[in-house]
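Notes to accompany the following structure.
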Amino acid sequence: MTRTLFILLFIAELVSTGVAGTIEGKVSPGDSVVYVDAIPGKSFPAPTQKPLIDQKNLTFRPRLLVVEVGTTVEFQNDDSVQHNVFWPSVGGNRKLAHNLGTWPQGEKRPFKFDQPGAVPLLCNVHPEMSGYIIVSPTPYFAQTDASGNYKIDNVPDGKYTVVAWHEGMKQTKPVEVAGTGKADFALSK
Ligand SMILES: [Cu+2]
């Protein structure tokens with residue numbers, strides 16, 4: 001009896017955990033972002049990491065950052081001049097525009113991104129400054145290398161919509177993961 005119960009619990013554990021797989025492939029051009037789109041009926045624990053974006057030498061560093069929805073990003077001014085941080089939209093929605101303010105060297109300000117989509121970062125002191133945060137609706141995302149190669153680990157088996165993003169370009173594809181899933185993208189404007 002105890003043994004049967006143990007085996008049943010073991011099977012239940014296997015079913016609930018699922019089998020972790022990967023999604024991999026290549027995106028043209030490189031320096032792009034790939035993520036699994038929202039999965040109906042599925043939510044994820046709040047992320048705890050707080051990545052930092054520096055404003056240094058009149059640039060956003062990193063210039064491209066991908067985070068899970070719900071992540072707090074900290075913006076730090078590392079220049080001797082004042083910088084501003086604002087974005088005119090999130091995921092193309094101008095109602096989500098926000099101005100974080102303008103502050104001097106050594107200070108940082110946090111913002112929690114709780115809406116998915118691309119966030120174009122700008123500084124109203126220096127019009128030449130630009131960067132992007134891609135807010136992924138799932139914890140399954142990756143930034144490609146300069147050649148476009150990417151790999152997303154620990155994706156449970158299943159059918160998903162996968163999104164590839166590059167500045168000004170975007171493409172979605174259905175991908176089935178059974179151990180591994182493959183998805184190559186050729187983006188164009
Ligand atoms: Cu600036």
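Ligands are numbered from 1 in the order shown, chains are lettered A, B, ... in the order of the structure tokens, and residues start at 1 in each chain.
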For chain A against ligand 1, with a cut-off of 12 Å and counting only C-alpha atoms and all ligand atoms, what is the closest atom pair and its distance in Å to one decimal for every residue that makes the cut, ordered by chain and number, as a Markdown table?
```
| residue | atom | partner | partner_atom_place_in_ligand_line | distance |
| --- | --- | --- | --- | --- |
| A:Asp54 | CA | ligand 1 | 1 (Cu) | 10.8 |
| A:Gln55 | CA | ligand 1 | 1 (Cu) | 7.2 |
| A:Lys56 | CA | ligand 1 | 1 (Cu) | 8.7 |
| A:Asn57 | CA | ligand 1 | 1 (Cu) | 9.0 |
| A:Leu58 | CA | ligand 1 | 1 (Cu) | 5.8 |
| A:Thr59 | CA | ligand 1 | 1 (Cu) | 7.6 |
| A:Phe60 | CA | ligand 1 | 1 (Cu) | 8.7 |
| A:Phe75 | CA | ligand 1 | 1 (Cu) | 11.7 |
| A:Gln76 | CA | ligand 1 | 1 (Cu) | 11.1 |
| A:Asn77 | CA | ligand 1 | 1 (Cu) | 8.6 |
| A:Asp78 | CA | ligand 1 | 1 (Cu) | 10.4 |
| A:Asp79 | CA | ligand 1 | 1 (Cu) | 8.7 |
| A:Ser80 | CA | ligand 1 | 1 (Cu) | 10.4 |
| A:Val81 | CA | ligand 1 | 1 (Cu) | 7.6 |
| A:Gln82 | CA | ligand 1 | 1 (Cu) | 6.5 |
| A:His83 | CA | ligand 1 | 1 (Cu) | 3.8 |
| A:Asn84 | CA | ligand 1 | 1 (Cu) | 5.5 |
| A:Val85 | CA | ligand 1 | 1 (Cu) | 7.6 |
| A:Phe86 | CA | ligand 1 | 1 (Cu) | 10.3 |
| A:Gly101 | CA | ligand 1 | 1 (Cu) | 11.0 |
| A:Thr102 | CA | ligand 1 | 1 (Cu) | 8.6 |
| A:Trp103 | CA | ligand 1 | 1 (Cu) | 9.6 |
| A:Pro104 | CA | ligand 1 | 1 (Cu) | 10.1 |
| A:Gln105 | CA | ligand 1 | 1 (Cu) | 10.9 |
| A:Leu121 | CA | ligand 1 | 1 (Cu) | 10.6 |
| A:Leu122 | CA | ligand 1 | 1 (Cu) | 8.0 |
| A:Cys123 | CA | ligand 1 | 1 (Cu) | 4.7 |
| A:Asn124 | CA | ligand 1 | 1 (Cu) | 6.6 |
| A:Val125 | CA | ligand 1 | 1 (Cu) | 4.9 |
| A:His126 | CA | ligand 1 | 1 (Cu) | 4.4 |
| A:Pro127 | CA | ligand 1 | 1 (Cu) | 7.6 |
| A:Glu128 | CA | ligand 1 | 1 (Cu) | 8.3 |
| A:Met129 | CA | ligand 1 | 1 (Cu) | 6.4 |
| A:Ser130 | CA | ligand 1 | 1 (Cu) | 9.2 |
| A:Gly131 | CA | ligand 1 | 1 (Cu) | 11.4 |
```
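Residues in contact range of A:Ala146, defined as at most 9 Å between only C-alpha atoms, with sequence neighbours fewer than 6 positions away removed, read Pro29, Gly30, Asp31 and Ser32 of chain A.
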Serialized selection, N, CA and C atoms, as a PDB file, in the first residue's frame:
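As a result, selection_28.pdb now contains:
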```pdb
ATOM      1  N   PRO A  29      18.757  39.660 -38.442  1.00  0.00           N
ATOM      2  CA  PRO A  29      20.153  39.852 -38.040  1.00  0.00           C
ATOM      3  C   PRO A  29      20.405  39.432 -36.591  1.00  0.00           C
ATOM      4  N   GLY A  30      21.699  39.460 -36.188  1.00  0.00           N
ATOM      5  CA  GLY A  30      22.078  39.156 -34.813  1.00  0.00           C
ATOM      6  C   GLY A  30      21.704  40.290 -33.874  1.00  0.00           C
ATOM      7  N   ASP A  31      22.157  40.151 -32.608  1.00  0.00           N
ATOM      8  CA  ASP A  31      21.807  41.128 -31.565  1.00  0.00           C
ATOM      9  C   ASP A  31      20.293  41.331 -31.496  1.00  0.00           C
ATOM     10  N   SER A  32      19.575  40.208 -31.509  1.00  0.00           N
ATOM     11  CA  SER A  32      18.125  40.222 -31.405  1.00  0.00           C
ATOM     12  C   SER A  32      17.707  39.540 -30.109  1.00  0.00           C
TER      13      SER A  32
END
```
Exercise. Among chain A, which ones does DSSP place in helix (DSSP H, G or I), written as a PyMOL selection string?
Worked result: chain A and resi 2-17+94-96
Residues as selected, C-alpha atoms, written as a PDB file, in the first residue's frame, can you do that?
```pdb
ATOM      1  CA  THR A   2       2.714   2.456   1.011  1.00  0.00           C
ATOM      2  CA  ARG A   3       4.758   1.422  -1.974  1.00  0.00           C
ATOM      3  CA  THR A   4       1.835   1.996  -4.362  1.00  0.00           C
ATOM      4  CA  LEU A   5       1.277   5.441  -2.858  1.00  0.00           C
ATOM      5  CA  PHE A   6       4.962   6.263  -3.272  1.00  0.00           C
ATOM      6  CA  ILE A   7       4.900   5.266  -6.940  1.00  0.00           C
ATOM      7  CA  LEU A   8       1.732   7.317  -7.534  1.00  0.00           C
ATOM      8  CA  LEU A   9       3.323  10.357  -5.893  1.00  0.00           C
ATOM      9  CA  PHE A  10       6.428   9.862  -7.991  1.00  0.00           C
ATOM     10  CA  ILE A  11       4.355   9.759 -11.202  1.00  0.00           C
ATOM     11  CA  ALA A  12       2.379  12.845 -10.104  1.00  0.00           C
ATOM     12  CA  GLU A  13       5.664  14.674  -9.512  1.00  0.00           C
ATOM     13  CA  LEU A  14       6.904  13.744 -12.992  1.00  0.00           C
ATOM     14  CA  VAL A  15       3.669  14.953 -14.601  1.00  0.00           C
ATOM     15  CA  SER A  16       3.643  18.275 -12.736  1.00  0.00           C
ATOM     16  CA  THR A  17       7.325  18.988 -13.339  1.00  0.00           C
ATOM     17  CA  ARG A  94       1.540  55.231 -25.904  1.00  0.00           C
ATOM     18  CA  LYS A  95      -0.646  55.184 -22.805  1.00  0.00           C
ATOM     19  CA  LEU A  96       2.250  53.393 -21.091  1.00  0.00           C
TER      20      LEU A  96
END
```
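Each of A:Gly168, A:Pro47, A:Val162, A:Asn149 was compared to A:Gly91 using only C-alpha atoms, and A:Gly168 turns out to be the nearest.
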Problem set entry | Surrounding residues of A:Ala164 excluding itself and chain neighbours under 2 positions, 12 Å, only C-alpha atoms, as a PyMOL selection string | chain A and resi 24-37+66+117-118+134+136+141-144+148-150+161-162+166-174+183-188
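One distance worth recording is that between atom CA of A:Pro116 and atom CA of A:Ala38, which is 9.1 Å.
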Exercise. Quick one, how far is atom CA of A:Arg63 from atom CA of A:Ile23?
Worked result: 24.4 Å
For this session: Write down as an MDAnalysis selection string the residues of chain A whose backbone DSSP state falls under strand (DSSP E).
Result: chainID A and resid 20:28 33:36 52:56 59:61 64:68 71:77 83:87 98:103 108:113 117:122 130:136 141:143 149:156 158:166 169:177 180:182 185:186
Please write the residues from the selection above to a file, keeping C-alpha atoms, as a short mmCIF file (atom, residue, chain, number, x, y, z; two decimals), in the first residue's frame.
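Wrote it out as part_35.cif, contents follow:
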```cif
data_model
loop_
_atom_site.label_atom_id
_atom_site.label_comp_id
_atom_site.auth_asym_id
_atom_site.auth_seq_id
_atom_site.Cartn_x
_atom_site.Cartn_y
_atom_site.Cartn_z
CA ALA A 20 12.49 20.52 -19.46
CA GLY A 21 13.60 21.15 -23.01
CA THR A 22 15.23 23.85 -25.06
CA ILE A 23 14.33 26.13 -27.94
CA GLU A 24 17.23 27.06 -30.14
CA GLY A 25 17.98 28.49 -33.53
CA LYS A 26 19.33 31.48 -35.38
CA VAL A 27 17.94 34.95 -35.99
CA SER A 28 18.97 37.21 -38.84
CA VAL A 33 15.85 38.92 -28.67
CA VAL A 34 13.75 35.74 -28.70
CA TYR A 35 11.04 34.94 -26.16
CA VAL A 36 8.09 32.62 -25.61
CA LEU A 52 21.08 47.66 -13.97
CA ILE A 53 21.31 49.94 -16.98
CA ASP A 54 24.14 52.48 -16.83
CA GLN A 55 24.16 55.79 -18.61
CA LYS A 56 27.83 56.19 -19.41
CA THR A 59 25.10 55.74 -24.05
CA PHE A 60 22.76 53.26 -22.39
CA ARG A 61 24.77 50.22 -21.21
CA LEU A 64 19.58 46.08 -25.25
CA LEU A 65 18.22 44.25 -22.19
CA VAL A 66 15.59 41.50 -21.99
CA VAL A 67 13.75 40.89 -18.71
CA GLU A 68 10.74 38.94 -17.50
CA THR A 71 11.21 42.86 -13.17
CA THR A 72 12.50 46.04 -11.52
CA VAL A 73 15.26 47.65 -13.59
CA GLU A 74 17.60 50.20 -12.01
CA PHE A 75 18.87 53.13 -14.07
CA GLN A 76 22.16 54.67 -12.97
CA ASN A 77 23.83 57.85 -14.17
CA HIS A 83 20.75 62.38 -17.78
CA ASN A 84 17.07 61.77 -18.21
CA VAL A 85 15.26 58.46 -18.82
CA PHE A 86 11.90 58.28 -20.57
CA TRP A 87 10.02 56.00 -22.92
CA HIS A 98 6.61 57.33 -18.74
CA ASN A 99 9.22 59.90 -17.75
CA LEU A 100 11.42 58.64 -14.92
CA GLY A 101 13.02 62.07 -14.45
CA THR A 102 16.45 63.66 -14.72
CA TRP A 103 19.21 63.09 -12.20
CA LYS A 108 20.00 55.57 -9.66
CA ARG A 109 16.27 55.15 -9.94
CA PRO A 110 14.24 51.92 -10.14
CA PHE A 111 11.21 51.11 -12.28
CA LYS A 112 9.12 47.95 -12.25
CA PHE A 113 8.10 46.85 -15.75
CA GLY A 117 6.55 44.59 -24.88
CA ALA A 118 9.43 46.61 -26.27
CA VAL A 119 10.40 49.72 -24.28
CA PRO A 120 12.36 52.29 -26.33
CA LEU A 121 14.63 54.14 -23.89
CA LEU A 122 15.45 57.78 -24.55
CA SER A 130 18.78 55.34 -27.28
CA GLY A 131 18.35 51.84 -25.91
CA TYR A 132 15.76 49.10 -25.54
CA ILE A 133 14.31 46.92 -22.84
CA ILE A 134 12.30 43.93 -24.07
CA VAL A 135 9.83 42.83 -21.39
CA SER A 136 9.05 39.15 -21.94
CA PHE A 141 13.78 34.27 -23.28
CA ALA A 142 17.26 34.80 -24.69
CA GLN A 143 19.36 37.44 -26.33
CA ASN A 149 22.49 32.22 -32.37
CA TYR A 150 20.29 31.68 -29.33
CA LYS A 151 19.21 28.97 -26.90
CA ILE A 152 16.39 29.11 -24.35
CA ASP A 153 16.77 26.49 -21.61
CA ASN A 154 14.27 24.85 -19.23
CA VAL A 155 11.21 25.19 -21.43
CA PRO A 156 8.60 22.54 -20.53
CA GLY A 158 4.44 21.97 -25.16
CA LYS A 159 3.27 24.17 -28.00
CA TYR A 160 4.18 27.84 -27.92
CA THR A 161 4.21 31.05 -29.88
CA VAL A 162 7.79 32.29 -30.08
CA VAL A 163 8.63 35.91 -30.85
CA ALA A 164 11.86 37.23 -32.37
CA TRP A 165 12.54 40.96 -32.00
CA HIS A 166 15.11 43.30 -33.46
CA MET A 169 11.39 44.30 -36.73
CA LYS A 170 9.41 41.45 -35.21
CA GLN A 171 8.25 37.97 -36.22
CA THR A 172 6.26 35.22 -34.46
CA LYS A 173 6.31 31.48 -35.06
CA PRO A 174 4.56 28.45 -33.58
CA VAL A 175 7.10 26.12 -31.98
CA GLU A 176 6.55 22.70 -30.49
CA VAL A 177 8.96 21.62 -27.77
CA THR A 180 13.97 20.39 -28.11
CA GLY A 181 12.32 22.89 -30.40
CA LYS A 182 13.90 24.66 -33.36
CA PHE A 185 13.95 33.73 -38.01
CA ALA A 186 14.79 36.04 -40.91
#
```
Seminar exercise, completed: re atom CA of A:Lys42 and atom CA of A:Gly70: distance 14.6 Å
